[in-house]
>>> print(open('query-v1.cif').read())   # mmCIF, C-alpha atoms
data_work
#
loop_
_atom_site.label_atom_id
_atom_site.label_comp_id
_atom_site.auth_asym_id
_atom_site.auth_seq_id
_atom_site.Cartn_x
_atom_site.Cartn_y
_atom_site.Cartn_z
CA MET A 3 -3.88 69.14 -19.47
CA PHE A 4 -2.56 66.97 -16.62
CA LYS A 5 -2.07 68.87 -13.40
CA LYS A 6 0.66 67.82 -10.99
CA GLU A 7 -0.68 66.22 -7.82
CA PHE A 8 0.73 66.21 -4.29
CA PHE A 9 -0.16 63.65 -1.62
CA TYR A 10 -0.41 63.99 2.16
CA LEU A 11 -1.70 62.01 5.10
CA PHE A 12 -3.46 64.02 7.80
CA LYS A 13 -3.62 62.38 11.21
CA ILE A 14 -6.66 63.83 12.96
CA GLN A 15 -8.91 63.46 15.99
CA TYR A 16 -12.39 64.78 16.66
CA LEU A 17 -15.34 64.74 19.02
CA GLY A 18 -18.25 63.42 16.99
CA PHE A 19 -21.18 64.42 19.21
CA ARG A 20 -22.42 67.35 17.12
CA TYR A 21 -21.59 65.85 13.70
CA HIS A 22 -23.58 63.58 11.40
CA GLY A 23 -20.54 61.38 10.88
CA TRP A 24 -17.51 61.85 8.66
CA GLN A 25 -18.96 61.76 5.15
CA LYS A 26 -20.19 64.95 3.51
CA GLN A 27 -24.01 65.02 3.21
CA PRO A 28 -26.35 67.67 1.84
CA ASP A 29 -27.50 70.18 4.46
CA LEU A 30 -25.89 68.28 7.37
CA LEU A 31 -22.88 69.18 9.50
CA THR A 32 -20.21 66.52 9.00
CA VAL A 33 -16.50 66.35 9.80
CA GLU A 34 -15.55 66.08 6.13
CA ARG A 35 -17.63 69.16 5.26
CA MET A 36 -16.02 71.18 8.05
CA MET A 37 -12.50 70.12 7.06
CA GLN A 38 -13.18 70.93 3.40
CA ARG A 39 -14.51 74.39 4.31
CA THR A 40 -11.47 75.08 6.47
CA LEU A 41 -8.99 73.86 3.86
CA LYS A 42 -10.65 75.92 1.14
CA TYR A 43 -10.45 79.00 3.39
CA VAL A 44 -6.80 78.41 4.33
CA LEU A 45 -5.60 77.62 0.78
CA GLY A 46 -7.89 80.04 -1.02
CA ARG A 47 -8.69 77.36 -3.60
CA ASN A 48 -10.76 74.23 -4.00
CA ASN A 49 -8.61 71.89 -6.14
CA PHE A 50 -8.20 69.08 -3.64
CA LYS A 51 -9.80 65.81 -2.57
CA PHE A 52 -10.11 64.07 0.82
CA ILE A 53 -10.21 60.27 1.23
CA ALA A 54 -10.75 58.91 4.75
CA ALA A 55 -9.27 55.68 6.11
CA GLY A 56 -12.79 54.87 7.30
CA ARG A 57 -16.11 56.62 7.75
CA THR A 58 -17.68 57.15 11.15
CA ASP A 59 -21.38 57.34 11.94
CA ALA A 60 -23.16 60.28 13.57
CA LYS A 61 -21.93 61.05 17.12
CA VAL A 62 -18.97 58.62 16.91
CA SER A 63 -15.68 60.19 18.06
CA VAL A 64 -12.12 59.55 16.91
CA ASN A 65 -8.93 59.69 18.93
CA ALA A 66 -6.67 59.04 15.91
CA THR A 67 -7.35 58.32 12.26
CA TYR A 68 -5.91 59.21 8.86
CA VAL A 69 -7.27 61.21 5.97
CA GLU A 70 -5.51 61.32 2.60
CA LEU A 71 -5.30 64.71 0.89
CA ILE A 72 -4.75 64.86 -2.85
CA LEU A 73 -3.80 68.41 -3.81
CA GLN A 74 -3.33 69.86 -7.29
CA GLU A 75 -0.98 72.52 -8.68
CA GLU A 76 0.91 73.72 -5.58
CA PRO A 77 2.29 71.74 -2.61
CA LEU A 78 1.69 72.63 1.03
CA ALA A 79 4.24 74.56 3.04
CA VAL A 80 3.76 71.92 5.73
CA ASN A 81 5.17 73.70 8.79
CA ASP A 82 3.26 76.93 8.22
CA PHE A 83 0.12 75.09 7.10
CA PHE A 84 -0.08 72.91 10.22
CA LYS A 85 -0.57 75.84 12.61
CA VAL A 86 -2.85 77.86 10.35
CA PHE A 87 -5.11 74.92 9.57
CA ASN A 88 -5.41 73.92 13.24
CA ASP A 89 -6.12 77.52 14.26
CA ASN A 90 -9.04 77.67 11.81
CA LEU A 91 -10.55 74.27 12.53
CA PRO A 92 -13.39 74.19 15.09
CA GLN A 93 -12.32 73.24 18.62
CA ASP A 94 -13.77 69.73 18.31
CA ILE A 95 -11.48 68.80 15.37
CA ARG A 96 -7.68 68.71 15.69
CA LEU A 97 -4.88 68.04 13.22
CA LEU A 98 -2.19 65.90 14.88
CA GLU A 99 0.30 65.40 12.06
CA VAL A 100 0.87 66.04 8.35
CA ILE A 101 2.88 63.41 6.47
CA GLU A 102 4.05 64.21 2.94
CA LYS A 103 3.90 61.17 0.64
CA PRO A 104 5.68 60.56 -2.70
CA LYS A 105 2.60 58.86 -4.20
CA GLN A 106 -1.02 58.10 -3.41
CA THR A 107 -1.46 55.82 -0.40
CA ASN A 108 -4.84 54.35 -1.49
CA ILE A 109 -5.83 54.67 2.13
CA ILE A 110 -9.12 52.77 1.85
CA GLN A 111 -7.38 49.60 0.66
CA ALA A 112 -4.16 50.00 2.67
CA PRO A 113 -3.63 47.21 5.26
CA LYS A 114 -4.55 48.49 8.71
CA LEU A 115 -5.60 47.50 12.19
CA LYS A 116 -8.38 49.44 13.88
CA GLU A 117 -8.94 49.69 17.61
CA TYR A 118 -12.40 50.75 18.75
CA ILE A 119 -13.39 51.42 22.32
CA PHE A 120 -16.81 51.87 23.89
CA LEU A 121 -17.21 53.68 27.21
CA PHE A 122 -20.12 52.76 29.46
CA SER A 123 -21.44 52.76 33.00
CA PHE A 124 -24.53 51.33 34.66
CA GLY A 125 -26.89 52.11 37.49
CA GLU A 126 -27.29 55.70 38.67
CA LYS A 127 -27.75 58.17 35.83
CA ASN A 128 -24.56 59.97 34.78
CA HIS A 129 -23.84 63.67 34.94
CA PRO A 130 -25.19 65.19 31.69
CA PHE A 131 -21.65 66.24 30.69
CA CYS A 132 -20.87 62.50 30.16
CA ALA A 133 -23.31 62.29 27.24
CA PRO A 134 -20.80 62.92 24.40
CA TYR A 135 -18.45 60.16 25.58
CA MET A 136 -20.22 57.47 27.57
CA VAL A 137 -23.42 55.43 27.54
CA ASN A 138 -25.25 54.73 30.80
CA VAL A 139 -27.26 51.51 31.14
CA LYS A 140 -30.20 51.49 33.53
CA GLY A 141 -30.19 48.69 36.08
CA ALA A 142 -27.42 46.23 36.86
CA LEU A 143 -24.87 44.58 34.56
CA ASP A 144 -22.93 41.38 35.24
CA ILE A 145 -19.51 42.71 34.26
CA ALA A 146 -17.76 39.35 34.86
CA LEU A 147 -20.15 37.64 32.44
CA MET A 148 -19.69 40.42 29.89
CA GLN A 149 -15.91 40.02 30.19
CA ARG A 150 -16.31 36.31 29.51
CA GLY A 151 -18.45 37.17 26.48
CA ALA A 152 -15.94 39.70 25.16
CA SER A 153 -13.19 37.10 25.47
CA LEU A 154 -15.26 34.65 23.40
CA MET A 155 -15.48 37.24 20.62
CA GLN A 156 -11.70 37.15 20.21
CA GLY A 157 -10.38 34.96 17.39
CA THR A 158 -11.93 33.98 14.07
CA HIS A 159 -15.73 33.92 13.76
CA ASP A 160 -18.33 34.36 11.08
CA TYR A 161 -19.82 37.72 12.10
CA ARG A 162 -22.76 37.62 9.68
CA ASN A 163 -25.22 38.16 12.55
CA TYR A 164 -23.23 41.29 13.50
CA ALA A 165 -23.11 42.71 9.97
CA TYR A 166 -25.87 45.30 9.54
CA LYS A 167 -27.98 44.53 6.44
CA ALA A 168 -25.46 41.99 5.12
CA THR A 169 -26.05 40.57 1.65
CA ALA A 170 -25.12 37.12 0.38
CA GLU A 171 -21.91 38.63 -1.03
CA THR A 172 -20.83 40.32 2.23
CA GLN A 173 -17.60 38.81 3.57
CA THR A 174 -18.25 38.23 7.26
CA LEU A 175 -15.57 35.73 8.29
CA MET A 176 -13.05 37.80 10.22
CA THR A 177 -10.48 37.66 12.99
CA ILE A 178 -10.75 39.80 16.10
CA GLU A 179 -7.21 40.30 17.41
CA SER A 180 -8.28 41.44 20.86
CA SER A 181 -11.60 41.84 22.67
CA VAL A 182 -11.74 42.81 26.35
CA ILE A 183 -13.85 44.69 28.89
CA GLU A 184 -11.94 46.52 31.62
CA GLU A 185 -12.57 49.18 34.22
CA ASN A 186 -12.07 52.51 32.48
CA THR A 187 -8.84 54.31 33.35
CA LEU A 188 -8.25 55.42 29.76
CA TYR A 189 -10.42 58.54 29.86
CA THR A 190 -11.20 60.41 33.07
CA ALA A 191 -13.07 63.54 34.08
CA SER A 192 -14.27 65.04 37.36
CA PHE A 193 -17.87 64.50 36.24
CA PHE A 194 -17.44 60.84 35.24
CA PRO A 195 -19.06 58.26 37.56
CA LYS A 196 -16.88 56.60 40.18
CA HIS A 197 -16.88 53.38 38.17
CA SER A 198 -17.05 53.19 34.39
CA TYR A 199 -15.97 50.54 31.92
CA VAL A 200 -14.43 50.25 28.47
CA PHE A 201 -14.93 47.63 25.79
CA LYS A 202 -11.79 47.42 23.61
CA VAL A 203 -11.80 45.55 20.31
CA VAL A 204 -9.08 45.34 17.64
CA GLY A 205 -9.40 43.97 14.10
CA ALA A 206 -8.39 44.53 10.50
CA GLY A 207 -11.84 45.78 9.55
CA PHE A 208 -15.38 46.03 10.82
CA LYS A 209 -18.75 46.04 9.09
CA ARG A 210 -21.23 48.87 9.48
CA HIS A 211 -22.54 49.04 13.09
CA GLN A 212 -20.58 45.87 13.95
CA VAL A 213 -18.89 47.18 17.10
CA ARG A 214 -22.16 48.72 18.30
CA LEU A 215 -23.95 45.40 17.70
CA MET A 216 -21.17 43.62 19.62
CA MET A 217 -21.58 46.06 22.49
CA GLY A 218 -25.37 45.69 22.34
CA ALA A 219 -25.10 41.90 22.58
CA LEU A 220 -22.73 42.23 25.54
CA PHE A 221 -25.17 44.64 27.24
CA ASP A 222 -27.99 42.14 26.69
CA LEU A 223 -25.81 39.34 28.01
CA GLY A 224 -24.85 41.32 31.11
CA SER A 225 -28.44 42.35 31.85
CA GLY A 226 -29.88 38.85 31.43
CA ILE A 227 -31.85 39.61 28.26
CA LEU A 228 -29.58 37.30 26.24
CA SER A 229 -28.66 33.83 27.51
CA TRP A 230 -25.11 32.49 27.24
CA GLU A 231 -26.35 29.84 24.79
CA ALA A 232 -27.98 32.46 22.57
CA PHE A 233 -24.85 34.62 22.76
CA GLU A 234 -22.70 31.69 21.61
CA LYS A 235 -25.15 31.03 18.78
CA SER A 236 -24.93 34.65 17.62
CA LEU A 237 -21.20 34.20 16.95
CA ASP A 238 -21.87 31.43 14.43
CA GLY A 239 -22.86 33.19 11.23
CA THR A 240 -24.05 29.95 9.64
CA ILE A 241 -26.98 30.03 12.10
CA PRO A 242 -29.16 33.11 11.50
CA TYR A 243 -29.73 35.02 14.73
CA LYS A 244 -31.44 38.40 14.76
CA LEU A 245 -29.58 40.93 16.92
CA THR A 246 -31.61 44.11 17.46
CA HIS A 247 -29.65 46.02 20.11
CA ILE A 248 -27.35 48.53 18.40
CA ALA A 249 -25.60 50.38 21.23
CA GLN A 250 -25.73 54.19 21.15
CA ALA A 251 -23.14 55.79 18.91
CA SER A 252 -22.04 58.39 21.46
CA GLY A 253 -20.13 55.79 23.51
CA LEU A 254 -18.06 54.64 20.53
CA ILE A 255 -14.56 55.96 19.83
CA LEU A 256 -12.22 54.96 17.02
CA GLN A 257 -9.19 54.90 19.28
CA GLU A 258 -6.40 54.19 16.82
CA ILE A 259 -5.67 53.15 13.24
CA ASN A 260 -2.32 51.52 12.53
CA LEU A 261 -1.38 51.73 8.86
CA GLU A 262 1.18 49.10 7.82
CA GLU A 263 2.30 51.35 4.99
CA HIS A 264 2.84 54.25 7.41
#
>>> encode(input="query-v1.cif", output="structure tokens")
Amino acid sequence: MFKKEFFYLFKIQYLGFRYHGWQKQPDLLTVERMMQRTLKYVLGRNNFKFIAAGRTDAKVSVNATYVELILQEEPLAVNDFFKVFNDNLPQDIRLLEVIEKPKQTNIIQAPKLKEYIFLFSFGEKNHPFCAPYMVNVKGALDIALMQRGASLMQGTHDYRNYAYKATAETQTLMTIESSVIEENTLYTASFFPKHSYVFKVVGAGFKRHQVRLMMGALFDLGSGILSWEAFEKSLDGTIPYKLTHIAQASGLILQEINLEEH
């Protein structure tokens, strides 16, 4: 017998440092597993399904993303649910908004722009409290050269060299709407170093590890490991170029997802 379904978008944020990513995995703590446990406890039933707008890797944090909830039998009492659900979530996961939808959003395929940021510093080792948010690079970085490199990443390129384990069928031609490196004023804390930086990149979609490979190439460019000529070559996917520096996940934040449908 067909059971009536109800559809919601959850806008959420979380600190990823203690999680093995979004997706539920056997015997591992993930954000999806924790949200499912909490929802089952709050509702007292298990007849629901979560679909995320995108999956994050272990230790990656999220400032704002969407999760679609498909619920059977009874709808949510949204106002009451919002407070109770937040109260029972762990302190490193937060529900920002619940949006009731008349039909399924198909959130994986929905048109969207994603903004990722990567926080970093260089030189003197950071205070240990920085570890969940920011990567520290030993030695010096040529920030001006890295900014020039980030600017070159903007526009349409074949990112095959930045697509982790790409196959012949992987679509790697894509447009980066914005790509910049700036001094970090976005996130601050008393224990942050005096100077830190943020790599901001916006696009319609990214391949697995792509932003971390982009950051790794920029680190190598700024430290002199990668020449400008080699960096330019890496952005031409018709010329195979092996990139091996995948920047640490703990510096990466999914800053925002803009759903056209929403």
>>> residues_around(input="query-v1.cif", residues="region 167-170 of chain A", least_positions_apart="5", cutoff="10 Å", atoms="all atoms listed in the file", output="PyMOL selection string")
chain A and resi 161-162+209-211
>>> resolve_selection(input="query-v1.cif", expression="the PyMOL selection byres ((chain A and resi 190-196) around 8)", output="PyMOL selection string")
chain A and resi 123+128-129+131-132+186-189+197-198
>>> residues_around(input="query-v1.cif", residues="Met217 (chain A)", least_positions_apart="5", cutoff="9 Å", atoms="all atoms listed in the file", output="PyMOL selection string")
chain A and resi 120+152+201+212+222+247-249
>>> write_last_selection(input="query-v1.cif", atoms="C-alpha atoms", output="compact mmCIF listing (two decimals), in the frame of the given file")
# COMPACT_ATOMS: atom_id res chain seq x y z
CA PHE A 120 -16.81 51.87 23.89
CA ALA A 152 -15.94 39.70 25.16
CA PHE A 201 -14.93 47.63 25.79
CA GLN A 212 -20.58 45.87 13.95
CA ASP A 222 -27.99 42.14 26.69
CA HIS A 247 -29.65 46.02 20.11
CA ILE A 248 -27.35 48.53 18.40
CA ALA A 249 -25.60 50.38 21.23
>>> residues_near_point(input="query-v1.cif", point="(-20.6, 31.3, 15.8)", cutoff="10 Å", atoms="only C-alpha atoms", output="VMD selection string")
chain A and resid 154 to 155 158 to 163 233 to 243
>>> closest_residue(input="query-v1.cif", among="A:Tyr164, A:Phe208, A:Trp230, A:Tyr118", to="Arg150 (chain A)", atoms="all atoms listed in the file")
A:Trp230
>>> closest_residue(input="query-v1.cif", among="A:Glu34, A:Asp29, A:Glu126, A:Glu171", to="Arg57 (chain A)", atoms="only C-alpha atoms")
A:Glu34
>>> residues_around(input="query-v1.cif", residues="Asn65 (chain A)", least_positions_apart="3", cutoff="7 Å", atoms="only C-alpha atoms", output="list in words")
Gln15, Tyr16, Ile255, Leu256, Gln257 and Glu258 of chain A
>>> residues_around(input="query-v1.cif", residues="Leu78 (chain A)", least_positions_apart="4", cutoff="10 Å", atoms="all atoms listed in the file", output="MDAnalysis selection string")
chainID A and resid 8:10 45 73 82:84 100 102
>>> closest_residue(input="query-v1.cif", among="A:Ala165, A:Leu31, A:Ile53, A:Val69", to="Leu11 (chain A)", atoms="all atoms listed in the file")
A:Val69
>>> atom_distance(input="query-v1.cif", atom1="CA of Asp94 (chain A)", atom2="CA of Leu17 (chain A)")
5.3 Å
>>> atom_distance(input="query-v1.cif", atom1="CA of Ala206 (chain A)", atom2="CA of Ser181 (chain A)")
12.9 Å
